[in-house]
Amino acid sequence: MKRFEDFNLKKKTMDFISLNGFQTPTPIQEEVIPAFLRGKDIIGLSKTGTGKTHAYLIPLMERCDSSSEEVQAVITAPTRELAVQIYEKAKLMQEADERLRIRLYVGGKDREKDIRQLKNSQPHIAIGTPGRIKDLFLEEGALRIDRAGILIVDEADMTLEYGFLPDIDAFAGRMSDSLQMAAFSATMPDQLKPFLKKYMHQPQTFRVEEERFSPDIRHVLVPCYHHTYTEVIRSILPGFQPYVCLIFANTRETAHEIAEDFREMKLPVTELHGDLESRKRKQAMKQLALGTNSFVVATDLAARGIDLDTVTHVISCGFPEDLEFYVHRAGRTARAGSNGTCYALYRKEDDAAIRSLMKQGLHFEHQRFHNGTWQDLHPYGQKRLKKDDEIEKKISMIMTKKNTKVKPGYKKKRAAEIERIHRKKKQEMIRAKIKEEKLAIYKERSRRAKEEKK
């Protein structure tokens with residue numbers, strides 16, 4: 001395993017690494033950092049939580065010249081939440097080099113203030129959403145990124161999904177002729193490839209493969225029956241004590257309903273989805289950064305802006321259409337070598353999704369929380385055995401039992417064992433019949449006694 005010292009980095013870069021408390025590079029950092037420092041175009045494919053943000057921040061720290069007055073690097077993210085998280089991590093670079101200027105450009109900020117500030121000085125690193133960077137560069141002429149030599153597109157697949165690639169295309173073509181581009185993404189959709197091919201020259205691709213289903217995560221199916229998600233969540237909350245519980249909803253409406261229910265219960269909750277107004281989104285991100293609330297309710301896309309190592313439990317309200325999102329939901333827990341639990345609340349319509357995940361190798365426990373304890377239910381998809389079926393099962397086990405040594409008279413012994421099962425069953429039936437008859441006699445005597453009193 002490599003160490004950061006093996007990269008021969010400057011003192012300021014090593015200071016930045018120390019400020020983060022890093023000991024050794026993650027697999028994606030180990031691959032990307034040396035290639036980035038050599039000036040290569042890079043495609044980095046890895047999930048959230050693998051250290052990809054610092055895979056580009058560390059070489060940026062090494063490459064940026066804080067004595068220059070020009071913009072040297074641009075980092076884009078598809079949502080303001082993601083951009084804010086990158087910015088918060090990048091701010092530590094300014095502690096390692098006090099002259100380094102890093103600024104954030106996203107919707108919801110004071111645009112005129114940004115323009116006034118840019119007239120006085122340009123940032124060395126500009127972080128923001130594609131639309132705001134395009135606006136400040138092409139429309140206002142305030143952010144001068146035409147000389148910048150590095151462009152990093154974070155969450156490239158999500159950028160494509162949100163329709164922001166044309167914005168990046170508009171300003172990337174006007175950046176330095178010797179532009180170095182790095183794109184980081186969880187997946188690589190075919191629609192993304194033409195864009196990358198347009199700006200990249202012989203890119204190096206680094207893919208960090210992880211186990212699809214982490215063995216450190218328990219997946220527990222919890223039936224909803226005729227109850228709503230909020231009712232089921234209310235019922236299971238006494239069954240676990242989360243440090244942080246991340247609750248996923250398939251729609252913004254459901255997320256809002258759950259968050260409102262939590263507020264009625266006076267529970268600390270952060271609500272995060274696309275319907276929130278700018279002020280509330282900022283407030284939500286601040287709450288996440290401070291870790292003030294134990295419960296976070298979010299939709300899948302909004303949750304891409306959440307990077308927390310403290311999630312101990314996940315609740316999935318149903319299953320998303322794209323089952324990869326369920327894997328991402330569950331993967332938000334059991335980070336940094338810890339264990340986690342994902343409670344998947346299900347209804348009848350989730351049967352196909354559950355069976356599909358089981359076929360892919362995912363093991364579900366099947367439980368309900370009742371009378372103050374978690375109770376095991378029969379394995380999902382397996383019908384309850386009737387009493388006669390139980391007998392047949394026992395007999396089948398006897399018939400298929402493998403003997404290491406075949407002893408004389410084993411057939412008679414096997415027949416006797418089967419006979420014993422049938423005899424036991426017959427005795428149980430007789431006892432049940434006697435009990436039923438005694439009950440009938442008792443009822444009849446009681447009826448007669450009442451009639452005689454009359």
# chains A, B, ... in the order shown; residues from 1 in each chain; ligands from 1

$ residues_around --residues "Pro203 of chain A" --least-positions-apart "6" --cutoff "8 Å" --atoms "only C-alpha atoms" --output "PyMOL selection string"
chain A and resi 40-43

$ residues_around --residues "Tyr326 of chain A" --least-positions-apart "2" --cutoff "10 Å" --atoms "only C-alpha atoms" --output "number ranges by chain"
A: 248, 300, 316, 318-324, 328-331, 342, 344, 353, 357

$ atom_distance --atom1 "atom CA of Arg368 of chain A" --atom2 "atom CA of Thr310 of chain A"
25.1 Å

$ atom_distance --atom1 "atom CA of Lys282 of chain A" --atom2 "atom CA of Val74 of chain A"
22.4 Å

$ closest_residue --among "A:Ser121, A:Gln191, A:Asn371, A:Gln180" --to "Val71 of chain A" --atoms "only C-alpha atoms"
A:Ser121

$ select_by_dssp --residues "segment 176-381 of chain A" --states "strand (DSSP E)" --output "ChimeraX atom specification"
/A:180-185,204-207,217-223,245-249,269-272,295-299,313-317,340-346,364-370,373-376

$ write_last_selection --atoms "C-alpha atoms" --output "mmCIF file, in the first residue's frame"
data_model
loop_
_atom_site.group_PDB
_atom_site.id
_atom_site.type_symbol
_atom_site.label_atom_id
_atom_site.label_comp_id
_atom_site.auth_asym_id
_atom_site.auth_seq_id
_atom_site.Cartn_x
_atom_site.Cartn_y
_atom_site.Cartn_z
ATOM 1 C CA GLN A 180 -6.699 19.177 -18.338
ATOM 2 C CA MET A 181 -10.072 17.631 -17.506
ATOM 3 C CA ALA A 182 -11.014 15.171 -14.795
ATOM 4 C CA ALA A 183 -14.518 13.696 -14.528
ATOM 5 C CA PHE A 184 -15.696 11.757 -11.489
ATOM 6 C CA SER A 185 -18.833 9.688 -11.512
ATOM 7 C CA GLN A 204 -6.896 7.325 -18.065
ATOM 8 C CA THR A 205 -9.843 5.552 -16.465
ATOM 9 C CA PHE A 206 -9.693 4.454 -12.844
ATOM 10 C CA ARG A 207 -12.492 2.306 -11.506
ATOM 11 C CA ILE A 217 -25.077 -3.967 6.461
ATOM 12 C CA ARG A 218 -28.141 -5.842 7.763
ATOM 13 C CA HIS A 219 -31.102 -5.650 5.386
ATOM 14 C CA VAL A 220 -34.380 -6.063 7.258
ATOM 15 C CA LEU A 221 -37.729 -6.312 5.463
ATOM 16 C CA VAL A 222 -40.531 -4.760 7.494
ATOM 17 C CA PRO A 223 -44.122 -5.285 6.228
ATOM 18 C CA CYS A 245 -30.968 7.742 10.673
ATOM 19 C CA LEU A 246 -31.339 8.517 6.967
ATOM 20 C CA ILE A 247 -34.897 7.997 5.683
ATOM 21 C CA PHE A 248 -35.426 7.667 1.925
ATOM 22 C CA ALA A 249 -38.695 8.417 0.161
ATOM 23 C CA VAL A 269 -35.400 16.112 11.640
ATOM 24 C CA THR A 270 -33.721 17.578 8.559
ATOM 25 C CA GLU A 271 -35.815 17.606 5.371
ATOM 26 C CA LEU A 272 -34.022 17.617 2.015
ATOM 27 C CA PHE A 295 -33.101 12.058 11.506
ATOM 28 C CA VAL A 296 -32.713 13.083 7.864
ATOM 29 C CA VAL A 297 -35.554 12.608 5.355
ATOM 30 C CA ALA A 298 -34.540 12.854 1.695
ATOM 31 C CA THR A 299 -35.231 11.774 -1.871
ATOM 32 C CA HIS A 313 -29.477 3.296 10.268
ATOM 33 C CA VAL A 314 -31.279 3.704 6.952
ATOM 34 C CA ILE A 315 -35.024 3.408 6.411
ATOM 35 C CA SER A 316 -36.119 2.797 2.816
ATOM 36 C CA CYS A 317 -39.791 3.651 2.293
ATOM 37 C CA GLY A 340 -25.240 -0.517 9.852
ATOM 38 C CA THR A 341 -28.850 -1.567 9.363
ATOM 39 C CA CYS A 342 -31.230 -0.805 6.512
ATOM 40 C CA TYR A 343 -34.935 -1.261 7.272
ATOM 41 C CA ALA A 344 -36.848 -1.718 4.002
ATOM 42 C CA LEU A 345 -40.554 -1.009 4.474
ATOM 43 C CA TYR A 346 -42.484 -2.943 1.856
ATOM 44 C CA PHE A 364 -33.039 -10.042 3.742
ATOM 45 C CA GLU A 365 -34.089 -10.696 7.302
ATOM 46 C CA HIS A 366 -37.877 -10.551 7.747
ATOM 47 C CA GLN A 367 -39.084 -8.936 10.967
ATOM 48 C CA ARG A 368 -41.713 -6.797 12.622
ATOM 49 C CA PHE A 369 -41.568 -4.737 15.793
ATOM 50 C CA HIS A 370 -44.401 -5.820 18.070
ATOM 51 C CA THR A 373 -39.522 -6.463 20.636
ATOM 52 C CA TRP A 374 -38.336 -7.362 17.155
ATOM 53 C CA GLN A 375 -40.011 -10.596 16.067
ATOM 54 C CA ASP A 376 -38.776 -12.867 13.280
#

$ atom_distance --atom1 "atom CA of Pro25 of chain A" --atom2 "atom CA of Glu209 of chain A"
15.9 Å

$ residues_around --residues "Met158 of chain A" --least-positions-apart "2" --cutoff "10 Å" --atoms "only C-alpha atoms" --output "PyMOL selection string"
chain A and resi 77-79+154-156+160-165+185-187+189+301+304

$ select_by_dssp --residues "segment 49-297 of chain A" --states "helix (DSSP H, G or I)" --output "PyMOL selection string"
chain A and resi 52-63+80-90+92-96+111-120+130-139+156-161+165-172+190-199+229-239+252-264+278-290

$ decode --residues "segment 235-261 of chain A" --atoms "N, CA and C atoms" --output "mmCIF file, in the first residue's frame"
data_model
loop_
_atom_site.group_PDB
_atom_site.id
_atom_site.type_symbol
_atom_site.label_atom_id
_atom_site.label_comp_id
_atom_site.auth_asym_id
_atom_site.auth_seq_id
_atom_site.Cartn_x
_atom_site.Cartn_y
_atom_site.Cartn_z
ATOM 1 N N SER A 235 -44.026 3.205 14.492
ATOM 2 C CA SER A 235 -44.106 1.963 15.276
ATOM 3 C C SER A 235 -42.744 1.331 15.518
ATOM 4 N N ILE A 236 -41.783 1.516 14.577
ATOM 5 C CA ILE A 236 -40.486 0.835 14.735
ATOM 6 C C ILE A 236 -39.435 1.700 15.422
ATOM 7 N N LEU A 237 -39.676 3.000 15.552
ATOM 8 C CA LEU A 237 -38.678 3.887 16.156
ATOM 9 C C LEU A 237 -38.229 3.430 17.546
ATOM 10 N N PRO A 238 -39.134 2.895 18.396
ATOM 11 C CA PRO A 238 -38.656 2.417 19.702
ATOM 12 C C PRO A 238 -37.744 1.203 19.603
ATOM 13 N N GLY A 239 -37.654 0.604 18.415
ATOM 14 C CA GLY A 239 -36.880 -0.625 18.242
ATOM 15 C C GLY A 239 -35.411 -0.422 17.955
ATOM 16 N N PHE A 240 -34.954 0.823 17.828
ATOM 17 C CA PHE A 240 -33.528 1.064 17.611
ATOM 18 C C PHE A 240 -33.163 2.481 18.046
ATOM 19 N N GLN A 241 -31.887 2.668 18.353
ATOM 20 C CA GLN A 241 -31.390 3.962 18.801
ATOM 21 C C GLN A 241 -30.350 4.459 17.800
ATOM 22 N N PRO A 242 -30.735 5.272 16.832
ATOM 23 C CA PRO A 242 -29.766 5.718 15.822
ATOM 24 C C PRO A 242 -28.900 6.872 16.307
ATOM 25 N N TYR A 243 -27.685 6.928 15.778
ATOM 26 C CA TYR A 243 -26.895 8.153 15.938
ATOM 27 C C TYR A 243 -27.397 9.132 14.885
ATOM 28 N N VAL A 244 -27.410 8.672 13.635
ATOM 29 C CA VAL A 244 -28.097 9.394 12.556
ATOM 30 C C VAL A 244 -28.856 8.370 11.738
ATOM 31 N N CYS A 245 -30.129 8.628 11.494
ATOM 32 C CA CYS A 245 -30.968 7.742 10.673
ATOM 33 C C CYS A 245 -31.365 8.491 9.410
ATOM 34 N N LEU A 246 -31.025 7.915 8.263
ATOM 35 C CA LEU A 246 -31.339 8.517 6.967
ATOM 36 C C LEU A 246 -32.567 7.805 6.394
ATOM 37 N N ILE A 247 -33.635 8.569 6.159
ATOM 38 C CA ILE A 247 -34.897 7.997 5.683
ATOM 39 C C ILE A 247 -35.111 8.398 4.224
ATOM 40 N N PHE A 248 -35.253 7.404 3.354
ATOM 41 C CA PHE A 248 -35.426 7.667 1.925
ATOM 42 C C PHE A 248 -36.883 7.512 1.503
ATOM 43 N N ALA A 249 -37.352 8.475 0.734
ATOM 44 C CA ALA A 249 -38.695 8.417 0.161
ATOM 45 C C ALA A 249 -38.582 8.450 -1.359
ATOM 46 N N ASN A 250 -39.535 7.818 -2.044
ATOM 47 C CA ASN A 250 -39.505 7.795 -3.512
ATOM 48 C C ASN A 250 -39.973 9.105 -4.138
ATOM 49 N N THR A 251 -40.768 9.890 -3.397
ATOM 50 C CA THR A 251 -41.272 11.159 -3.930
ATOM 51 C C THR A 251 -41.043 12.281 -2.924
ATOM 52 N N ARG A 252 -41.050 13.516 -3.431
ATOM 53 C CA ARG A 252 -40.881 14.681 -2.570
ATOM 54 C C ARG A 252 -42.059 14.814 -1.609
ATOM 55 N N GLU A 253 -43.252 14.472 -2.105
ATOM 56 C CA GLU A 253 -44.448 14.576 -1.272
ATOM 57 C C GLU A 253 -44.347 13.658 -0.051
ATOM 58 N N THR A 254 -43.906 12.410 -0.291
ATOM 59 C CA THR A 254 -43.767 11.456 0.812
ATOM 60 C C THR A 254 -42.697 11.930 1.798
ATOM 61 N N ALA A 255 -41.605 12.455 1.266
ATOM 62 C CA ALA A 255 -40.534 12.966 2.139
ATOM 63 C C ALA A 255 -41.062 14.080 3.037
ATOM 64 N N HIS A 256 -41.855 14.983 2.454
ATOM 65 C CA HIS A 256 -42.407 16.094 3.240
ATOM 66 C C HIS A 256 -43.377 15.590 4.314
ATOM 67 N N GLU A 257 -44.216 14.620 3.944
ATOM 68 C CA GLU A 257 -45.180 14.060 4.903
ATOM 69 C C GLU A 257 -44.458 13.431 6.102
ATOM 70 N N ILE A 258 -43.404 12.682 5.821
ATOM 71 C CA ILE A 258 -42.660 12.027 6.900
ATOM 72 C C ILE A 258 -41.992 13.075 7.797
ATOM 73 N N ALA A 259 -41.391 14.095 7.165
ATOM 74 C CA ALA A 259 -40.726 15.143 7.938
ATOM 75 C C ALA A 259 -41.728 15.890 8.821
ATOM 76 N N GLU A 260 -42.919 16.162 8.281
ATOM 77 C CA GLU A 260 -43.956 16.848 9.060
ATOM 78 C C GLU A 260 -44.372 15.989 10.256
ATOM 79 N N ASP A 261 -44.476 14.691 10.025
ATOM 80 C CA ASP A 261 -44.857 13.776 11.108
ATOM 81 C C ASP A 261 -43.805 13.784 12.217
#
